[in-house]
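Peer 1: For reference, this is upload_26.tsv, and it has TSV, C-alpha atoms.
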```
chain	number	residue	atom	x	y	z
A	1	MET	CA	21.92	-25.20	-4.54
A	2	LYS	CA	18.31	-26.16	-3.92
A	3	SER	CA	15.71	-25.32	-6.55
A	4	VAL	CA	13.27	-22.48	-5.87
A	5	VAL	CA	10.48	-25.06	-5.60
A	6	GLU	CA	12.38	-26.87	-2.85
A	7	ILE	CA	13.29	-23.64	-1.09
A	8	PHE	CA	9.78	-22.28	-0.93
A	9	SER	CA	8.24	-25.65	-0.14
A	10	GLU	CA	10.51	-25.93	2.90
A	11	LEU	CA	9.72	-22.34	3.86
A	12	SER	CA	6.02	-23.26	3.87
A	13	GLU	CA	6.71	-26.03	6.35
A	14	ARG	CA	8.72	-23.72	8.59
A	15	LEU	CA	6.02	-21.04	8.56
A	16	GLN	CA	3.55	-23.51	10.00
A	17	SER	CA	5.05	-22.83	13.41
A	18	ILE	CA	6.45	-19.33	13.73
A	19	PRO	CA	7.85	-18.92	17.27
A	20	SER	CA	5.41	-17.11	19.54
A	21	GLU	CA	8.08	-14.61	20.53
A	22	VAL	CA	8.37	-13.51	16.88
A	23	ILE	CA	4.61	-12.94	16.71
A	24	VAL	CA	4.66	-10.99	19.99
A	25	ARG	CA	7.55	-8.80	18.86
A	26	ALA	CA	5.92	-8.14	15.48
A	27	GLN	CA	2.71	-7.09	17.22
A	28	GLU	CA	4.63	-4.89	19.65
A	29	GLN	CA	6.25	-3.24	16.63
A	30	ASN	CA	2.86	-2.75	14.96
A	31	SER	CA	-0.24	-2.84	17.16
A	32	TRP	CA	-2.45	-3.24	14.07
A	33	PHE	CA	-0.99	-6.69	13.35
A	34	SER	CA	-3.74	-8.73	15.00
A	35	GLN	CA	-4.02	-11.24	12.13
A	36	ILE	CA	-0.51	-12.41	11.36
A	37	ASP	CA	-1.76	-16.00	11.25
A	38	THR	CA	-4.22	-15.10	8.47
A	39	ALA	CA	-1.49	-13.48	6.38
A	40	ILE	CA	0.84	-16.47	6.78
A	41	ASP	CA	-1.95	-18.93	6.00
A	42	ALA	CA	-2.74	-17.02	2.79
A	43	ILE	CA	0.93	-17.03	1.75
A	44	ARG	CA	1.27	-20.75	2.44
A	45	GLU	CA	-1.96	-21.64	0.67
A	46	GLN	CA	-1.60	-19.51	-2.45
A	47	MET	CA	2.12	-18.86	-2.91
A	48	LEU	CA	4.07	-21.66	-1.27
A	49	ASP	CA	1.99	-24.68	-2.19
A	50	SER	CA	4.34	-26.80	-4.35
A	51	ASP	CA	1.74	-27.69	-6.98
A	52	LYS	CA	0.50	-24.12	-7.35
A	53	PHE	CA	4.03	-22.74	-7.37
A	54	THR	CA	5.18	-25.23	-10.03
A	55	ALA	CA	2.12	-24.56	-12.22
A	56	TRP	CA	2.68	-20.80	-12.00
A	57	LEU	CA	6.42	-21.12	-12.67
A	58	SER	CA	5.77	-23.22	-15.78
A	59	GLY	CA	4.39	-20.11	-17.45
A	60	TYR	CA	7.82	-18.48	-17.55
A	61	SER	CA	11.13	-19.25	-19.19
A	62	ILE	CA	13.97	-18.24	-16.90
A	63	PRO	CA	17.25	-18.38	-18.81
A	64	ALA	CA	20.66	-18.43	-17.16
A	65	HIS	CA	21.76	-14.83	-16.74
A	66	ALA	CA	23.97	-12.59	-14.67
A	67	PRO	CA	21.75	-11.65	-11.70
A	68	LYS	CA	20.62	-8.06	-11.33
A	69	ARG	CA	20.30	-6.40	-7.95
A	70	VAL	CA	16.69	-5.36	-7.43
A	71	ALA	CA	15.72	-3.09	-4.56
A	72	ILE	CA	12.40	-3.97	-2.91
A	73	ILE	CA	10.95	-1.03	-0.96
A	74	MET	CA	8.36	-2.80	1.17
A	75	ALA	CA	5.11	-1.48	2.58
A	76	GLY	CA	4.07	-2.34	6.13
A	77	ASN	CA	0.32	-1.86	6.19
A	78	ILE	CA	-0.46	-5.58	6.54
A	79	PRO	CA	1.71	-8.48	7.78
A	80	ALA	CA	4.34	-9.75	5.30
A	81	VAL	CA	2.85	-7.70	2.45
A	82	GLY	CA	6.31	-7.48	0.87
A	83	PHE	CA	6.78	-11.24	0.68
A	84	ALA	CA	5.40	-11.71	-2.85
A	85	ASP	CA	7.95	-9.32	-4.34
A	86	LEU	CA	10.73	-11.10	-2.47
A	87	LEU	CA	9.55	-14.41	-3.92
A	88	TYR	CA	9.36	-12.99	-7.44
A	89	VAL	CA	12.89	-11.55	-7.34
A	90	ILE	CA	14.41	-14.75	-5.96
A	91	THR	CA	12.52	-16.91	-8.47
A	92	SER	CA	13.61	-14.73	-11.40
A	93	GLY	CA	17.24	-15.45	-10.56
A	94	ASN	CA	17.98	-11.92	-9.41
A	95	ILE	CA	19.22	-10.59	-6.06
A	96	PRO	CA	16.71	-8.91	-3.73
A	97	VAL	CA	18.01	-5.83	-1.98
A	98	VAL	CA	15.41	-5.35	0.73
A	99	LYS	CA	14.29	-2.14	2.41
A	100	TYR	CA	12.07	-3.30	5.25
A	101	SER	CA	9.15	-1.21	6.42
A	102	SER	CA	9.65	0.04	9.97
A	103	LYS	CA	6.13	-1.31	10.64
A	104	ASP	CA	6.88	-4.86	9.47
A	105	ARG	CA	10.56	-5.45	10.03
A	106	ILE	CA	10.36	-8.21	12.65
A	107	LEU	CA	8.19	-10.59	10.62
A	108	MET	CA	9.93	-10.02	7.29
A	109	GLU	CA	13.41	-10.37	8.81
A	110	TYR	CA	12.31	-13.66	10.34
A	111	ILE	CA	11.14	-14.93	6.92
A	112	VAL	CA	14.37	-13.82	5.22
A	113	ASN	CA	16.48	-15.50	7.91
A	114	GLU	CA	14.52	-18.71	7.42
A	115	LEU	CA	15.17	-18.56	3.67
A	116	LEU	CA	18.90	-18.11	4.27
A	117	THR	CA	18.88	-21.04	6.69
A	118	ILE	CA	17.13	-23.22	4.13
A	119	GLU	CA	19.57	-22.22	1.38
A	120	PRO	CA	22.71	-20.37	2.57
A	121	ALA	CA	23.74	-19.81	-1.06
A	122	LEU	CA	20.85	-17.40	-1.56
A	123	LYS	CA	21.89	-13.78	-1.85
A	124	ILE	CA	19.57	-11.38	-0.05
A	125	GLU	CA	20.92	-7.93	0.77
A	126	GLN	CA	19.57	-5.01	2.77
A	127	TYR	CA	18.98	-1.72	0.98
A	128	SER	CA	20.69	1.33	2.44
A	129	GLY	CA	20.79	3.68	-0.52
A	130	GLN	CA	23.37	1.81	-2.58
A	131	ASP	CA	23.22	1.58	-6.37
A	132	VAL	CA	20.87	-1.09	-7.72
A	133	ASP	CA	19.86	-2.20	-11.20
A	134	ALA	CA	16.09	-1.92	-10.72
A	135	VAL	CA	13.50	-1.26	-8.04
A	136	ILE	CA	10.06	-2.40	-6.93
A	137	ALA	CA	8.55	0.10	-4.51
A	138	THR	CA	5.16	0.14	-2.79
A	139	GLY	CA	3.64	2.94	-0.76
A	140	SER	CA	1.13	5.76	-0.66
A	141	ASP	CA	0.51	8.03	-3.63
A	142	SER	CA	2.84	10.66	-2.17
A	143	ALA	CA	5.50	8.01	-1.56
A	144	ALA	CA	5.09	6.81	-5.16
A	145	LEU	CA	5.86	10.31	-6.43
A	146	HIS	CA	9.00	10.35	-4.30
A	147	PHE	CA	10.04	6.91	-5.56
A	148	ARG	CA	9.57	7.95	-9.21
A	149	ALA	CA	11.83	10.95	-8.69
A	150	MET	CA	14.36	8.95	-6.71
A	151	PHE	CA	14.61	6.03	-9.14
A	152	GLY	CA	13.99	7.80	-12.43
A	153	GLU	CA	17.25	6.55	-13.95
A	154	ILE	CA	16.65	2.80	-13.57
A	155	PRO	CA	13.84	0.35	-14.45
A	156	ALA	CA	11.22	0.81	-11.76
A	157	LEU	CA	7.91	-0.75	-10.80
A	158	ILE	CA	6.23	1.82	-8.56
A	159	ARG	CA	2.91	1.21	-6.82
A	160	GLY	CA	0.73	3.83	-5.15
A	161	SER	CA	-2.62	3.60	-3.41
A	162	ARG	CA	-5.36	1.35	-4.77
A	163	HIS	CA	-8.79	0.35	-3.50
A	164	SER	CA	-11.10	-2.63	-3.73
A	165	VAL	CA	-14.85	-2.76	-4.21
A	166	ALA	CA	-17.65	-5.29	-3.99
A	167	VAL	CA	-20.52	-5.57	-6.45
A	168	LEU	CA	-23.72	-7.09	-5.06
A	169	THR	CA	-26.61	-8.22	-7.24
A	170	GLY	CA	-29.20	-8.99	-4.57
A	171	ASN	CA	-28.74	-12.73	-5.04
A	172	GLU	CA	-26.09	-13.07	-2.35
A	173	SER	CA	-26.60	-15.59	0.44
A	174	GLU	CA	-26.00	-15.01	4.13
A	175	ASP	CA	-22.69	-16.83	3.73
A	176	ASP	CA	-21.68	-14.47	0.91
A	177	ILE	CA	-22.35	-11.44	3.12
A	178	ALA	CA	-20.45	-13.07	6.00
A	179	ASN	CA	-17.52	-13.63	3.65
A	180	LEU	CA	-17.80	-10.05	2.40
A	181	SER	CA	-17.24	-8.95	6.00
A	182	LYS	CA	-13.93	-10.82	5.89
A	183	ASP	CA	-12.99	-9.01	2.68
A	184	ILE	CA	-13.68	-5.72	4.43
A	185	PHE	CA	-12.38	-6.16	7.97
A	186	THR	CA	-9.39	-8.51	7.68
A	187	TYR	CA	-6.23	-6.54	8.53
A	188	SER	CA	-8.47	-3.76	9.89
A	189	GLY	CA	-9.27	-2.54	6.39
A	190	LEU	CA	-5.70	-1.32	5.81
A	191	GLY	CA	-4.82	-3.31	2.68
A	192	CYS	CA	-5.36	-2.38	-0.95
A	193	ARG	CA	-7.40	-5.57	-1.30
A	194	ASN	CA	-9.77	-4.58	1.52
A	195	VAL	CA	-13.23	-3.65	0.23
A	196	SER	CA	-14.14	-0.07	1.14
A	197	LEU	CA	-16.93	0.61	-1.40
A	198	ILE	CA	-19.95	-1.58	-2.10
A	199	PHE	CA	-22.28	-1.34	-5.08
A	200	ALA	CA	-25.72	-2.72	-4.23
A	201	PRO	CA	-29.07	-2.61	-6.03
A	202	HIS	CA	-31.82	-0.37	-4.67
A	203	GLY	CA	-33.89	-2.21	-2.08
A	204	PHE	CA	-31.30	-4.87	-1.22
A	205	ASN	CA	-30.61	-4.58	2.49
A	206	PHE	CA	-27.84	-6.36	4.33
A	207	ARG	CA	-25.79	-5.92	7.48
A	208	LEU	CA	-22.10	-6.45	8.02
A	209	THR	CA	-20.68	-8.37	10.97
A	210	VAL	CA	-17.69	-6.66	12.55
A	211	PRO	CA	-15.10	-8.86	14.30
A	212	PRO	CA	-13.05	-7.67	17.29
A	213	MET	CA	-10.75	-4.91	16.04
A	214	PRO	CA	-7.55	-3.22	17.30
A	215	GLU	CA	-7.94	-0.15	19.48
A	216	GLY	CA	-6.68	2.11	16.70
A	217	TYR	CA	-9.56	0.97	14.50
A	218	ASN	CA	-12.07	1.41	17.32
A	219	ASN	CA	-10.84	4.96	17.86
A	220	ASN	CA	-11.31	5.64	14.14
A	221	TYR	CA	-14.85	4.21	14.34
A	222	ARG	CA	-15.81	6.40	17.28
A	223	HIS	CA	-14.37	9.48	15.61
A	224	ALA	CA	-16.12	8.75	12.30
A	225	ARG	CA	-19.47	8.11	14.02
A	226	ALA	CA	-19.29	11.35	16.01
A	227	LEU	CA	-18.26	13.44	13.00
A	228	MET	CA	-20.87	11.94	10.66
A	229	THR	CA	-23.57	12.39	13.30
A	230	LEU	CA	-22.66	16.08	13.64
A	231	GLN	CA	-22.72	16.44	9.86
A	232	GLY	CA	-26.12	14.79	9.59
A	233	LYS	CA	-24.81	12.04	7.30
A	234	ASN	CA	-26.96	8.98	6.54
A	235	PHE	CA	-25.31	5.85	7.92
A	236	THR	CA	-26.02	2.51	9.53
A	237	ASP	CA	-24.06	1.68	12.67
A	238	CYS	CA	-22.95	-1.97	12.58
A	239	THR	CA	-21.53	-1.71	16.10
A	240	GLY	CA	-17.88	-1.35	15.24
A	241	ALA	CA	-18.12	0.03	11.71
A	242	LEU	CA	-20.37	2.32	9.69
A	243	MET	CA	-22.20	1.77	6.40
A	244	ALA	CA	-22.77	5.12	4.69
A	245	GLU	CA	-25.23	5.50	1.82
A	246	GLY	CA	-23.97	7.82	-0.90
A	247	GLY	CA	-22.14	8.04	-4.19
A	248	ALA	CA	-19.40	5.92	-5.73
A	249	GLU	CA	-16.59	7.36	-3.62
A	250	PHE	CA	-14.07	5.76	-1.31
A	251	SER	CA	-14.39	6.63	2.35
A	252	HIS	CA	-11.86	8.75	4.21
A	253	PHE	CA	-12.34	6.53	7.28
A	254	ILE	CA	-11.18	2.91	7.40
A	255	SER	CA	-14.12	2.21	9.74
A	256	CYS	CA	-16.69	3.47	7.23
A	257	ILE	CA	-17.78	1.51	4.17
A	258	ASN	CA	-19.56	3.49	1.50
A	259	ILE	CA	-22.66	2.00	-0.15
A	260	CYS	CA	-23.55	3.12	-3.68
A	261	ARG	CA	-27.00	2.11	-4.93
A	262	TYR	CA	-27.62	1.33	-8.58
A	263	SER	CA	-30.58	0.59	-10.85
A	264	ASN	CA	-28.77	-1.14	-13.72
A	265	ILE	CA	-25.60	-3.24	-13.50
A	266	SER	CA	-24.34	-1.54	-16.67
A	267	GLU	CA	-23.88	1.62	-14.59
A	268	VAL	CA	-21.51	-0.29	-12.30
A	269	LYS	CA	-19.61	-1.85	-15.18
A	270	ASP	CA	-19.08	1.59	-16.71
A	271	TRP	CA	-17.77	2.91	-13.39
A	272	LEU	CA	-15.38	-0.03	-13.00
A	273	THR	CA	-13.99	0.59	-16.49
A	274	LYS	CA	-13.51	4.32	-15.90
A	275	ASN	CA	-11.88	3.78	-12.51
A	276	ASP	CA	-9.79	0.73	-13.35
A	277	SER	CA	-6.51	2.48	-12.52
A	278	ARG	CA	-7.75	3.06	-8.95
A	279	LEU	CA	-8.83	-0.53	-8.35
A	280	GLN	CA	-6.98	-3.52	-6.98
A	281	CYS	CA	-9.70	-6.17	-6.99
A	282	VAL	CA	-13.48	-6.52	-7.30
A	283	VAL	CA	-15.43	-8.93	-5.09
A	284	SER	CA	-18.49	-10.35	-6.86
A	285	LEU	CA	-20.49	-13.50	-7.53
A	286	GLU	CA	-19.72	-13.37	-11.24
A	287	LYS	CA	-16.56	-12.28	-13.06
A	288	ILE	CA	-17.59	-8.69	-13.64
A	289	HIS	CA	-14.02	-7.39	-13.89
A	290	SER	CA	-10.62	-8.75	-14.92
A	291	ARG	CA	-9.58	-8.78	-11.25
A	292	SER	CA	-12.81	-10.22	-9.84
A	293	VAL	CA	-12.59	-12.59	-6.88
A	294	LYS	CA	-15.21	-14.58	-5.01
A	295	PHE	CA	-16.60	-13.46	-1.66
A	296	GLY	CA	-14.15	-14.17	1.15
A	297	ARG	CA	-11.15	-14.50	-1.19
A	298	ALA	CA	-9.95	-10.91	-1.50
A	299	GLN	CA	-7.17	-11.52	1.02
A	300	TYR	CA	-5.91	-14.68	-0.69
A	301	PRO	CA	-4.11	-13.40	-3.81
A	302	GLN	CA	-2.62	-16.06	-6.05
A	303	LEU	CA	0.88	-15.87	-7.48
A	304	ASN	CA	-0.43	-14.40	-10.74
A	305	ASP	CA	-2.66	-11.86	-9.00
A	306	TYR	CA	-0.04	-9.19	-9.55
A	307	ALA	CA	-0.59	-5.87	-7.84
A	308	ASP	CA	-1.89	-3.24	-10.29
A	309	GLU	CA	-2.18	-6.12	-12.83
A	310	VAL	CA	1.47	-5.65	-13.83
A	311	ASP	CA	3.30	-8.95	-14.37
A	312	VAL	CA	6.22	-8.63	-11.97
A	313	MET	CA	8.00	-11.66	-13.38
A	314	ASN	CA	7.98	-10.25	-16.92
A	315	PHE	CA	9.36	-7.00	-15.50
A	316	LEU	CA	12.17	-8.84	-13.73
A	317	LEU	CA	12.98	-11.11	-16.67
A	318	SER	CA	13.27	-8.11	-18.98
A	319	LEU	CA	16.08	-6.50	-16.96
```
What does this structure look like when you write it as structure tokens?

Peer 2:
Amino acid sequence: MKSVVEIFSELSERLQSIPSEVIVRAQEQNSWFSQIDTAIDAIREQMLDSDKFTAWLSGYSIPAHAPKRVAIIMAGNIPAVGFADLLYVITSGNIPVVKYSSKDRILMEYIVNELLTIEPALKIEQYSGQDVDAVIATGSDSAALHFRAMFGEIPALIRGSRHSVAVLTGNESEDDIANLSKDIFTYSGLGCRNVSLIFAPHGFNFRLTVPPMPEGYNNNYRHARALMTLQGKNFTDCTGALMAEGGAEFSHFISCINICRYSNISEVKDWLTKNDSRLQCVVSLEKIHSRSVKFGRAQYPQLNDYADEVDVMNFLLSL
């Protein structure tokens, strides 16, 4: 059997040229999937690069053991968002039992079939309610409550909703702000790593550039603009998205980014500490938080950028 390094290295090569009909079918299944190429590029760059994969893997000792069957309940908000968990379970020597999201079945099934073609000895099952030894489940907060009740008798890694923020200092360049737009608008703002709240110092003005967005997003934008206009809310229209001045709260609209002004950076640091359990990552020039990333890199998580900062490999190796 091929090593995991060989398997995932070959997968990277295969993902360079996903058949166009797979892309079309995935987008027909989910009309929000306008940036499948971006998601695949991020996976290939950060997770499937042989050197990066080998360096990450060297941090773990994976002893020979009887494999456990681990259910992976995948989300479908952004393309191939469940891939990292699939990689972790395979690499840990366990058996993934996959429950595809109805919104991202085409793309993930294609990736799984490629893995099985590369190494037919791999065991990857589909989850249909059968008994498993452990579970990794990702979804909304309400879904997380359901998962906790459903899988209360076995080891479980359950993820609910999280948000990402950006912290500006006033020293950002035009390129930084352009990259911040990518952190906000990639995948139409639907991912937990998409910035939806910006901390900025008083007097620092900037404008976001909105790329072409799916019709569902544009409908959300028009609805948010009309409602906020009727309510007399203070906002800046960026022609495709809204910037709303206010407090340190996350917006109810994916097309609206809240701006919270501050006088002292210590106020922001205190807020980040108090709200850590709600955060996925923090975009900033400096490392202001344990999950800080540079501008333009929010959508390029590395193998050790574990969701909710919970080491998935340690969880799997402890089963």

Peer 1: What is the distance between atom CA of A:Ile36 and atom CA of A:Ala80, in Å to one decimal?

Peer 2: 8.2 Å

Peer 1: What lies within 8 Å of A:Leu208 using all atoms listed in the file, ignoring chain neighbours under 4 positions off, as a list of chain:residue names?

Peer 2: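 Residues meeting the cut-off are A:Ile177, A:Ala178, A:Leu180, A:Ser181, A:Cys238.
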
Peer 1: Give me, as number ranges by chain, all polymer residues having an atom no more than 8 Å from A:Pro96, counting all atoms listed in the file and skipping those fewer than 4 positions away in the same chain.

Peer 2: A: 69-72, 86, 89-90, 123-125

Peer 1: With all atoms listed in the file as the basis for distance, which of A:Thr186, A:Thr273, A:Ser140, A:Gln280 is at the shortest distance from A:Met213?

Peer 2: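 Looking only at the distances to A:Met213, the closest residue turns out to be A:Thr186.
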
Peer 1: Would you mind reading off the distance between atom CA of A:Leu279 and atom CA of A:Arg148, one decimal, in Å?

Peer 2: 20.3 Å

Peer 1: Enter the distance from atom CA of A:Ala156 to atom CA of A:Val135, in Å, rounded to one decimal.

Peer 2: 4.8 Å

Peer 1: For A:Pro155, list every protein, DNA or RNA residue within 12 Å, evaluated using only C-alpha atoms, and leave out those in the same chain fewer than 5 positions away; present the list as a tab-separated table (two decimals) with C-alpha atoms, in the frame of the given file.

Peer 2:
```tsv
chain	number	residue	atom	x	y	z
A	68	LYS	CA	20.62	-8.06	-11.33
A	69	ARG	CA	20.30	-6.40	-7.95
A	70	VAL	CA	16.69	-5.36	-7.43
A	71	ALA	CA	15.72	-3.09	-4.56
A	132	VAL	CA	20.87	-1.09	-7.72
A	133	ASP	CA	19.86	-2.20	-11.20
A	134	ALA	CA	16.09	-1.92	-10.72
A	135	VAL	CA	13.50	-1.26	-8.04
A	136	ILE	CA	10.06	-2.40	-6.93
A	137	ALA	CA	8.55	0.10	-4.51
A	147	PHE	CA	10.04	6.91	-5.56
A	148	ARG	CA	9.57	7.95	-9.21
A	150	MET	CA	14.36	8.95	-6.71
A	315	PHE	CA	9.36	-7.00	-15.50
A	316	LEU	CA	12.17	-8.84	-13.73
A	317	LEU	CA	12.98	-11.11	-16.67
A	318	SER	CA	13.27	-8.11	-18.98
A	319	LEU	CA	16.08	-6.50	-16.96
```

Peer 1: Dig up all the protein and nucleic acid residues within 12 Å of (3.3, -26.7, 7.5) in the file frame, using only C-alpha atoms, and format them as a JSON list (two decimals) with C-alpha atoms, keeping the file's coordinate frame.

Peer 2:
```json
[["chain", "number", "residue", "atom", "x", "y", "z"],
["A", 8, "PHE", "CA", 9.78, -22.28, -0.93],
["A", 9, "SER", "CA", 8.24, -25.65, -0.14],
["A", 10, "GLU", "CA", 10.51, -25.93, 2.90],
["A", 11, "LEU", "CA", 9.72, -22.34, 3.86],
["A", 12, "SER", "CA", 6.02, -23.26, 3.87],
["A", 13, "GLU", "CA", 6.71, -26.03, 6.35],
["A", 14, "ARG", "CA", 8.72, -23.72, 8.59],
["A", 15, "LEU", "CA", 6.02, -21.04, 8.56],
["A", 16, "GLN", "CA", 3.55, -23.51, 10.00],
["A", 17, "SER", "CA", 5.05, -22.83, 13.41],
["A", 18, "ILE", "CA", 6.45, -19.33, 13.73],
["A", 40, "ILE", "CA", 0.84, -16.47, 6.78],
["A", 41, "ASP", "CA", -1.95, -18.93, 6.00],
["A", 43, "ILE", "CA", 0.93, -17.03, 1.75],
["A", 44, "ARG", "CA", 1.27, -20.75, 2.44],
["A", 45, "GLU", "CA", -1.96, -21.64, 0.67],
["A", 48, "LEU", "CA", 4.07, -21.66, -1.27],
["A", 49, "ASP", "CA", 1.99, -24.68, -2.19],
["A", 50, "SER", "CA", 4.34, -26.80, -4.35]]
```

Peer 1: Give as a list of chain:residue names the set of residues within 10 Å of the point (-24.4, 2.6, -7.1), where distances use the file's coordinates and all atoms listed in the file.

Peer 2: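 Result, sorted by chain then residue number: A:Val167, A:Leu168, A:Leu197, A:Ile198, A:Phe199, A:Ala200, A:Pro201, A:His202, A:Glu245, A:Gly246, A:Gly247, A:Ala248, A:Glu249, A:Asn258, A:Ile259, A:Cys260, A:Arg261, A:Tyr262, A:Ser263, A:Asn264, A:Ile265, A:Glu267, A:Val268, A:Trp271.
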
Peer 1: Those residues you just picked out, can you put them in a file as an mmCIF file, in the coordinates of the input with C-alpha atoms?

Peer 2:
```cif
data_model
loop_
_atom_site.group_PDB
_atom_site.id
_atom_site.type_symbol
_atom_site.label_atom_id
_atom_site.label_comp_id
_atom_site.auth_asym_id
_atom_site.auth_seq_id
_atom_site.Cartn_x
_atom_site.Cartn_y
_atom_site.Cartn_z
ATOM 1 C CA VAL A 167 -20.520 -5.570 -6.450
ATOM 2 C CA LEU A 168 -23.720 -7.090 -5.060
ATOM 3 C CA LEU A 197 -16.930 0.610 -1.400
ATOM 4 C CA ILE A 198 -19.950 -1.580 -2.100
ATOM 5 C CA PHE A 199 -22.280 -1.340 -5.080
ATOM 6 C CA ALA A 200 -25.720 -2.720 -4.230
ATOM 7 C CA PRO A 201 -29.070 -2.610 -6.030
ATOM 8 C CA HIS A 202 -31.820 -0.370 -4.670
ATOM 9 C CA GLU A 245 -25.230 5.500 1.820
ATOM 10 C CA GLY A 246 -23.970 7.820 -0.900
ATOM 11 C CA GLY A 247 -22.140 8.040 -4.190
ATOM 12 C CA ALA A 248 -19.400 5.920 -5.730
ATOM 13 C CA GLU A 249 -16.590 7.360 -3.620
ATOM 14 C CA ASN A 258 -19.560 3.490 1.500
ATOM 15 C CA ILE A 259 -22.660 2.000 -0.150
ATOM 16 C CA CYS A 260 -23.550 3.120 -3.680
ATOM 17 C CA ARG A 261 -27.000 2.110 -4.930
ATOM 18 C CA TYR A 262 -27.620 1.330 -8.580
ATOM 19 C CA SER A 263 -30.580 0.590 -10.850
ATOM 20 C CA ASN A 264 -28.770 -1.140 -13.720
ATOM 21 C CA ILE A 265 -25.600 -3.240 -13.500
ATOM 22 C CA GLU A 267 -23.880 1.620 -14.590
ATOM 23 C CA VAL A 268 -21.510 -0.290 -12.300
ATOM 24 C CA TRP A 271 -17.770 2.910 -13.390
#
```

Peer 1: Identify, on the basis of only C-alpha atoms, every residue whose closest approach to A:Met74 does not exceed 9 Å; exclude the query and any residue fewer than 6 positions from it along the same chain; express the result as a ChimeraX atom specification.

Peer 2: /A:81-83,85,98-101,104,136-139

Peer 1: With only C-alpha atoms as the counted atoms, please give the residues lying no more than 10 Å from stretch 301-313 of chain A, apart from itself and same-chain residues fewer than 2 positions off, as number ranges by chain.

Peer 2: A: 42-43, 45-48, 52-53, 55-57, 60, 62, 84-85, 87-89, 91-92, 136, 138, 157-162, 192-193, 276-281, 290-291, 293, 297-299, 315-318

Peer 1: Name the closest residue to A:Ala75 among the candidates A:Phe151, A:Lys103, A:Tyr300, A:Gly203; distances are taken between atoms, counting only C-alpha atoms.

Peer 2: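 Comparing A:Phe151, A:Lys103, A:Tyr300, A:Gly203 against A:Ala75, the winner is A:Lys103.
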
Peer 1: With distances taken over all atoms listed in the file, which of A:Pro79, A:Gly232, A:Gly93, A:Pro120 is nearest to A:Met108?

Peer 2: A:Pro79

Peer 1: Generate a file for stretch 252-294 of chain A, containing C-alpha atoms, as a JSON list (two decimals), in the first residue's frame.

Peer 2:
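Written out: part36.json:
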```json
[["chain", "number", "residue", "atom", "x", "y", "z"],
["A", 252, "HIS", "CA", -27.08, 39.13, 10.27],
["A", 253, "PHE", "CA", -26.51, 39.68, 6.54],
["A", 254, "ILE", "CA", -23.65, 38.04, 4.63],
["A", 255, "SER", "CA", -23.58, 41.14, 2.39],
["A", 256, "CYS", "CA", -23.02, 43.51, 5.31],
["A", 257, "ILE", "CA", -19.70, 43.90, 7.09],
["A", 258, "ASN", "CA", -19.83, 45.58, 10.47],
["A", 259, "ILE", "CA", -17.19, 48.19, 11.33],
["A", 260, "CYS", "CA", -16.35, 48.77, 15.01],
["A", 261, "ARG", "CA", -14.24, 51.84, 15.77],
["A", 262, "TYR", "CA", -11.75, 51.86, 18.62],
["A", 263, "SER", "CA", -9.50, 54.36, 20.39],
["A", 264, "ASN", "CA", -7.01, 51.97, 21.98],
["A", 265, "ILE", "CA", -5.89, 48.59, 20.64],
["A", 266, "SER", "CA", -6.12, 47.18, 24.16],
["A", 267, "GLU", "CA", -9.91, 47.45, 23.84],
["A", 268, "VAL", "CA", -9.77, 45.15, 20.82],
["A", 269, "LYS", "CA", -7.43, 42.69, 22.50],
["A", 270, "ASP", "CA", -9.80, 42.46, 25.46],
["A", 271, "TRP", "CA", -12.73, 41.80, 23.14],
["A", 272, "LEU", "CA", -10.82, 39.08, 21.27],
["A", 273, "THR", "CA", -9.99, 37.35, 24.56],
["A", 274, "LYS", "CA", -13.57, 37.49, 25.81],
["A", 275, "ASN", "CA", -15.00, 36.26, 22.51],
["A", 276, "ASP", "CA", -12.36, 33.66, 21.67],
["A", 277, "SER", "CA", -14.88, 30.80, 21.64],
["A", 278, "ARG", "CA", -16.80, 32.57, 18.86],
["A", 279, "LEU", "CA", -13.78, 33.19, 16.65],
["A", 280, "GLN", "CA", -12.18, 31.13, 13.93],
["A", 281, "CYS", "CA", -9.37, 33.42, 12.79],
["A", 282, "VAL", "CA", -8.22, 37.03, 13.06],
["A", 283, "VAL", "CA", -6.79, 38.90, 10.06],
["A", 284, "SER", "CA", -4.18, 41.46, 11.07],
["A", 285, "LEU", "CA", -0.76, 42.89, 10.23],
["A", 286, "GLU", "CA", 0.71, 41.67, 13.50],
["A", 287, "LYS", "CA", 0.03, 38.48, 15.47],
["A", 288, "ILE", "CA", -2.61, 39.94, 17.75],
["A", 289, "HIS", "CA", -4.29, 36.58, 18.43],
["A", 290, "SER", "CA", -3.27, 32.91, 18.53],
["A", 291, "ARG", "CA", -5.16, 32.37, 15.25],
["A", 292, "SER", "CA", -3.96, 35.51, 13.48],
["A", 293, "VAL", "CA", -3.34, 35.35, 9.73],
["A", 294, "LYS", "CA", -1.99, 37.88, 7.26]]
```
